[in-house]
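A.B. asks: My structure is stored as input_28.cif, with mmCIF, C-alpha atoms and all ligand atoms.
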data_model
loop_
_atom_site.label_atom_id
_atom_site.label_comp_id
_atom_site.auth_asym_id
_atom_site.auth_seq_id
_atom_site.Cartn_x
_atom_site.Cartn_y
_atom_site.Cartn_z
CA MET A 1 -8.00 138.99 -162.93
CA HIS A 2 -10.70 136.30 -162.65
CA PRO A 3 -13.74 137.49 -160.62
CA ASP A 4 -13.71 134.35 -158.40
CA CYS A 5 -10.15 135.05 -157.30
CA GLU A 6 -9.05 137.17 -154.38
CA ARG A 7 -5.61 138.11 -155.64
CA ILE A 8 -2.74 137.06 -157.88
CA LEU A 9 -0.18 135.17 -155.82
CA ILE A 10 2.37 134.34 -158.54
CA PRO A 11 2.25 136.18 -161.86
CA GLU A 12 2.88 134.42 -165.16
CA VAL A 13 6.28 136.01 -165.67
CA GLU A 14 7.56 134.69 -162.32
CA ILE A 15 6.32 131.18 -163.08
CA ARG A 16 8.06 131.33 -166.44
CA ALA A 17 11.38 132.40 -164.89
CA LYS A 18 11.15 129.67 -162.25
CA VAL A 19 10.41 126.97 -164.83
CA VAL A 20 13.48 128.02 -166.82
CA GLU A 21 15.62 127.97 -163.65
CA LEU A 22 14.36 124.52 -162.62
CA GLY A 23 14.90 123.19 -166.15
CA ARG A 24 18.51 124.39 -166.10
CA ARG A 25 19.17 122.85 -162.69
CA ILE A 26 17.67 119.51 -163.70
CA SER A 27 19.62 119.47 -166.99
CA LYS A 28 22.85 120.08 -165.08
CA ASP A 29 22.12 117.49 -162.38
CA TYR A 30 21.22 114.80 -164.92
CA ALA A 31 23.98 115.49 -167.45
CA GLY A 32 24.94 112.23 -169.19
CA LYS A 33 21.79 110.48 -167.94
CA GLU A 34 18.36 109.82 -169.35
CA LEU A 35 15.31 111.05 -167.46
CA LEU A 36 11.78 109.83 -166.92
CA MET A 37 9.50 112.63 -165.74
CA ILE A 38 6.27 111.43 -164.15
CA GLY A 39 3.51 114.03 -164.12
CA ILE A 40 0.70 113.66 -161.62
CA LEU A 41 -2.62 114.28 -163.35
CA LYS A 42 -4.32 116.51 -163.80
CA GLY A 43 -2.77 119.41 -161.91
CA ALA A 44 0.86 118.95 -162.95
CA MET A 45 0.11 118.72 -166.67
CA ILE A 46 0.78 122.36 -167.54
CA PHE A 47 3.88 122.58 -165.32
CA LEU A 48 5.28 119.36 -166.82
CA ALA A 49 4.59 120.54 -170.37
CA ASP A 50 6.52 123.76 -169.77
CA LEU A 51 9.29 122.15 -167.72
CA VAL A 52 10.23 119.35 -170.15
CA ARG A 53 10.83 121.95 -172.85
CA GLU A 54 13.51 123.55 -170.65
CA ILE A 55 15.39 120.28 -170.11
CA SER A 56 18.28 119.50 -172.40
CA VAL A 57 19.07 115.89 -171.40
CA PRO A 58 17.19 113.02 -173.10
CA THR A 59 13.80 112.99 -171.41
CA ARG A 60 10.69 110.88 -171.67
CA TYR A 61 7.51 111.47 -169.73
CA ASP A 62 4.50 109.55 -168.50
CA PHE A 63 1.56 110.26 -166.21
CA MET A 64 -0.05 108.84 -163.11
CA ALA A 65 -3.39 109.81 -161.64
CA VAL A 66 -4.19 109.48 -157.96
CA SER A 67 -7.35 110.12 -156.02
CA SER A 68 -7.46 113.77 -155.02
CA TYR A 69 -9.70 116.32 -153.34
CA GLY A 70 -12.53 115.86 -155.83
CA ALA A 71 -14.82 118.86 -155.57
CA SER A 72 -13.59 119.70 -152.09
CA SER A 73 -10.86 122.12 -150.99
CA LYS A 74 -9.89 119.80 -148.11
CA SER A 75 -7.78 116.63 -148.28
CA SER A 76 -9.56 113.31 -147.82
CA GLY A 77 -6.33 111.85 -146.43
CA LYS A 78 -6.45 108.71 -148.59
CA VAL A 79 -4.30 108.03 -151.64
CA ARG A 80 -5.37 105.63 -154.38
CA ILE A 81 -3.81 105.08 -157.82
CA LEU A 82 -6.45 105.76 -160.48
CA LYS A 83 -4.10 105.50 -163.47
CA ASP A 84 -0.72 103.80 -163.39
CA LEU A 85 2.29 104.30 -165.66
CA ALA A 86 2.27 102.91 -169.16
CA CYS A 87 6.04 102.32 -169.02
CA GLY A 88 8.33 100.42 -166.67
CA VAL A 89 10.63 102.34 -164.32
CA GLU A 90 13.24 99.71 -163.48
CA GLY A 91 16.74 101.18 -163.73
CA ARG A 92 15.42 104.61 -164.73
CA HIS A 93 16.12 108.02 -163.22
CA ILE A 94 12.69 109.33 -162.21
CA ILE A 95 11.52 112.81 -161.32
CA ILE A 96 7.96 112.97 -160.00
CA VAL A 97 6.41 116.27 -161.11
CA GLU A 98 3.62 117.64 -158.94
CA ASP A 99 1.70 120.92 -158.90
CA ILE A 100 1.64 121.39 -155.13
CA VAL A 101 2.74 119.58 -151.97
CA ASP A 102 0.27 120.23 -149.20
CA THR A 103 -0.16 117.57 -146.48
CA GLY A 104 2.48 115.45 -148.24
CA LEU A 105 0.20 112.38 -148.24
CA THR A 106 0.17 112.04 -152.03
CA LEU A 107 3.90 112.34 -152.62
CA ASN A 108 4.93 110.39 -149.57
CA TYR A 109 2.85 107.50 -150.90
CA LEU A 110 3.95 107.89 -154.53
CA ALA A 111 7.66 108.16 -153.74
CA GLU A 112 7.46 104.98 -151.67
CA ASN A 113 5.39 103.22 -154.34
CA LEU A 114 7.80 104.14 -157.17
CA ASN A 115 10.88 103.36 -155.08
CA SER A 116 9.59 99.81 -154.64
CA ARG A 117 9.74 99.31 -158.45
CA ASP A 118 13.58 99.36 -158.54
CA PRO A 119 14.28 102.64 -160.36
CA ALA A 120 17.85 104.00 -160.50
CA SER A 121 16.69 107.06 -158.53
CA VAL A 122 13.56 108.97 -157.51
CA LYS A 123 13.44 112.74 -156.95
CA ILE A 124 10.53 115.10 -156.46
CA CYS A 125 9.86 118.35 -158.30
CA THR A 126 6.94 120.56 -157.30
CA LEU A 127 5.89 123.98 -158.47
CA LEU A 128 4.35 124.93 -155.12
CA ASP A 129 4.99 123.95 -151.52
CA LYS A 130 2.63 124.62 -148.58
CA PRO A 131 4.90 123.44 -145.73
CA SER A 132 2.60 124.70 -142.95
CA ARG A 133 0.11 121.89 -143.64
CA ARG A 134 2.54 118.96 -143.82
CA ILE A 135 1.44 115.70 -142.18
CA LYS A 136 3.82 113.27 -143.94
CA PRO A 137 7.47 114.10 -144.67
CA VAL A 138 8.39 114.68 -148.32
CA GLU A 139 11.91 115.30 -149.58
CA ILE A 140 11.55 117.94 -152.30
CA CYS A 141 14.62 118.23 -154.51
CA TYR A 142 13.28 120.82 -156.98
CA LYS A 143 10.87 123.42 -155.63
CA GLY A 144 9.31 126.40 -157.35
CA PHE A 145 7.64 128.54 -154.68
CA VAL A 146 6.81 128.23 -150.99
CA ILE A 147 3.29 129.58 -150.45
CA PRO A 148 1.11 130.34 -147.41
CA ASP A 149 -1.87 128.24 -146.34
CA GLU A 150 -4.37 129.53 -148.87
CA PHE A 151 -6.28 127.64 -151.55
CA VAL A 152 -4.81 128.50 -154.91
CA VAL A 153 -5.92 127.84 -158.49
CA GLY A 154 -4.52 128.37 -161.98
CA TYR A 155 -1.61 127.04 -164.06
CA GLY A 156 -3.11 123.53 -163.86
CA LEU A 157 -4.56 123.74 -160.34
CA ASP A 158 -8.32 123.51 -160.07
CA TYR A 159 -11.28 123.87 -157.85
CA SER A 160 -13.98 121.46 -158.98
CA GLU A 161 -12.20 121.15 -162.37
CA ARG A 162 -12.38 124.90 -162.99
CA TYR A 163 -9.64 127.56 -163.24
CA ARG A 164 -6.92 125.17 -164.52
CA ASN A 165 -6.43 127.31 -167.63
CA LEU A 166 -5.65 130.55 -165.76
CA PRO A 167 -2.07 131.46 -166.70
CA CYS A 168 -0.95 132.52 -163.21
CA ILE A 169 -1.41 131.25 -159.62
CA MET A 170 -4.30 132.98 -157.86
CA VAL A 171 -5.85 132.75 -154.40
CA LEU A 172 -9.42 131.55 -154.78
CA ASN A 173 -12.02 133.66 -152.99
CA PRO A 174 -13.22 131.45 -150.07
CA LYS A 175 -16.79 132.48 -150.93
CA VAL A 176 -16.54 130.12 -153.91
CA TYR A 177 -16.13 127.00 -151.74
CA MET A 178 -17.88 128.10 -148.54
CA ASN A 179 -21.43 126.92 -147.78
CA LYS A 180 -21.05 123.88 -150.01
CA GLY A 181 -20.75 121.35 -147.20
CA GLU A 182 -17.21 120.37 -148.21
P1 LIG B 201 -1.27 116.51 -150.50
O1 LIG B 201 -1.39 115.03 -150.66
O2 LIG B 201 0.14 117.00 -150.43
O3 LIG B 201 -2.10 117.02 -149.35
O4 LIG B 201 -2.01 117.14 -151.70
C1 LIG B 201 -1.55 117.27 -152.95
C2 LIG B 201 -2.70 117.59 -153.87
O5 LIG B 201 -3.71 118.36 -153.21
C3 LIG B 201 -2.28 118.43 -155.03
O6 LIG B 201 -1.85 117.66 -156.10
C4 LIG B 201 -3.54 119.20 -155.35
O7 LIG B 201 -4.35 118.45 -156.23
C5 LIG B 201 -4.26 119.33 -154.05
N1 LIG B 201 -4.08 120.66 -153.42
C6 LIG B 201 -3.46 120.96 -152.27
N2 LIG B 201 -3.48 122.28 -152.01
C7 LIG B 201 -4.14 122.84 -153.03
C8 LIG B 201 -4.48 124.20 -153.37
O8 LIG B 201 -4.18 125.18 -152.68
N3 LIG B 201 -5.17 124.36 -154.54
C9 LIG B 201 -5.52 123.32 -155.36
N4 LIG B 201 -6.18 123.62 -156.45
N5 LIG B 201 -5.22 122.05 -155.07
C10 LIG B 201 -4.52 121.81 -153.93
#
What do you get writing this file as structure tokens?
C.D. replies:
Amino acid sequence: MHPDCERILIPEVEIRAKVVELGRRISKDYAGKELLMIGILKGAMIFLADLVREISVPTRYDFMAVSSYGASSKSSGKVRILKDLACGVEGRHIIIVEDIVDTGLTLNYLAENLNSRDPASVKICTLLDKPSRRIKPVEICYKGFVIPDEFVVGYGLDYSERYRNLPCIMVLNPKVYMNKGE
């Protein structure tokens, strides 16, 4: 285990099994259709990379980047698009792929934004859900794990750009982000 982490919340093997299960469900739900998966950078990159390989329907993917927590472990509350899609979404079946839904501000904004571009459909897939902190409602169609209100890192999730490469989801030791004025 990483020395900055308090404990392992979701081991690698459980993530793997969940990704396979979600991939199967998505493939079944979108049978006969073509999918556009939209990964939200940078956190969802590893989840998206694993998930698309478990999907058997024709799938393309693209990325968006939105303003996030920066070096802080608390939400700023504002959402801003930093990088938009390279492709059009009109008439396409979209699944937004996110690492974690926390306050819901990011996905509430993104779902509304993408819906306004005339896609055939928009659904949300997230690896993690922290429902206790929700401020804005988010309809999550594909969900990996519901987790408690703790700051987690690993499998794409960072603190100050670190820990993204850890293969499992770990609870970060609060000592790492305490006394930093964030
Ligand atoms: P929301 O807009 O739902 O509050 O926040 C979503 C974003 O907040 C996620 O994409 C992620 O970047 C960040 N976030 C929320 N909770 C955590 C957490 O426990 N750990 C990490 N590393 N990021 C989080």
A.B. asks: To check your reading of the model: which residues sit at most 8 Å from ligand LIG 201 (chain B) when counting only C-alpha atoms and all ligand atoms? Write the answer as a PyMOL selection string.
C.D. replies: chain A and resi 40+42-44+68-69+73-75+77+79+98-108+130+133-134+149-154+157-159+171
A.B. asks: Which distance in Å separates atom CA of A:Val52 and atom CA of A:Lys28, to one decimal?
C.D. replies: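 For atom CA of A:Val52 relative to atom CA of A:Lys28, the distance reads 13.6 Å.
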A.B. asks: What separation in Å, quoted to one decimal, exists between atom CA of A:Glu90 and atom CA of A:Tyr109?
C.D. replies: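 Here the two named atoms are 18.1 Å from each other.
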A.B. asks: If we count only C-alpha atoms, what is near A:Phe47 at a cut-off of 12 Å, once residues fewer than 3 positions away on the same chain are taken out, given as a PyMOL selection string?
C.D. replies: chain A and resi 12+15-16+18-20+22-23+37-44+50-54+96-100+125-128+143-144+154-157+164-165+167-169
A.B. asks: Would you mind telling me which residue in A:Ile94, A:Asp29, A:Val57, A:Arg80 lies nearest to A:Arg117 when using only C-alpha atoms?
C.D. replies: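 Using only C-alpha atoms, the shortest distance to A:Arg117 belongs to A:Ile94.
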A.B. asks: Could you list, as a PDB file with C-alpha atoms, keeping the file's coordinate frame, every residue within 10 Å of stretch 1-3 of chain A, counting only C-alpha atoms and ignoring same-chain residues fewer than 6 positions away?
C.D. replies:
ATOM      1  CA  TYR A 163      -9.640 127.560-163.240  1.00  0.00           C
ATOM      2  CA  LEU A 166      -5.650 130.550-165.760  1.00  0.00           C
ATOM      3  CA  CYS A 168      -0.950 132.520-163.210  1.00  0.00           C
ATOM      4  CA  MET A 170      -4.300 132.980-157.860  1.00  0.00           C
ATOM      5  CA  LEU A 172      -9.420 131.550-154.780  1.00  0.00           C
ATOM      6  CA  ASN A 173     -12.020 133.660-152.990  1.00  0.00           C
TER       7      ASN A 173
END
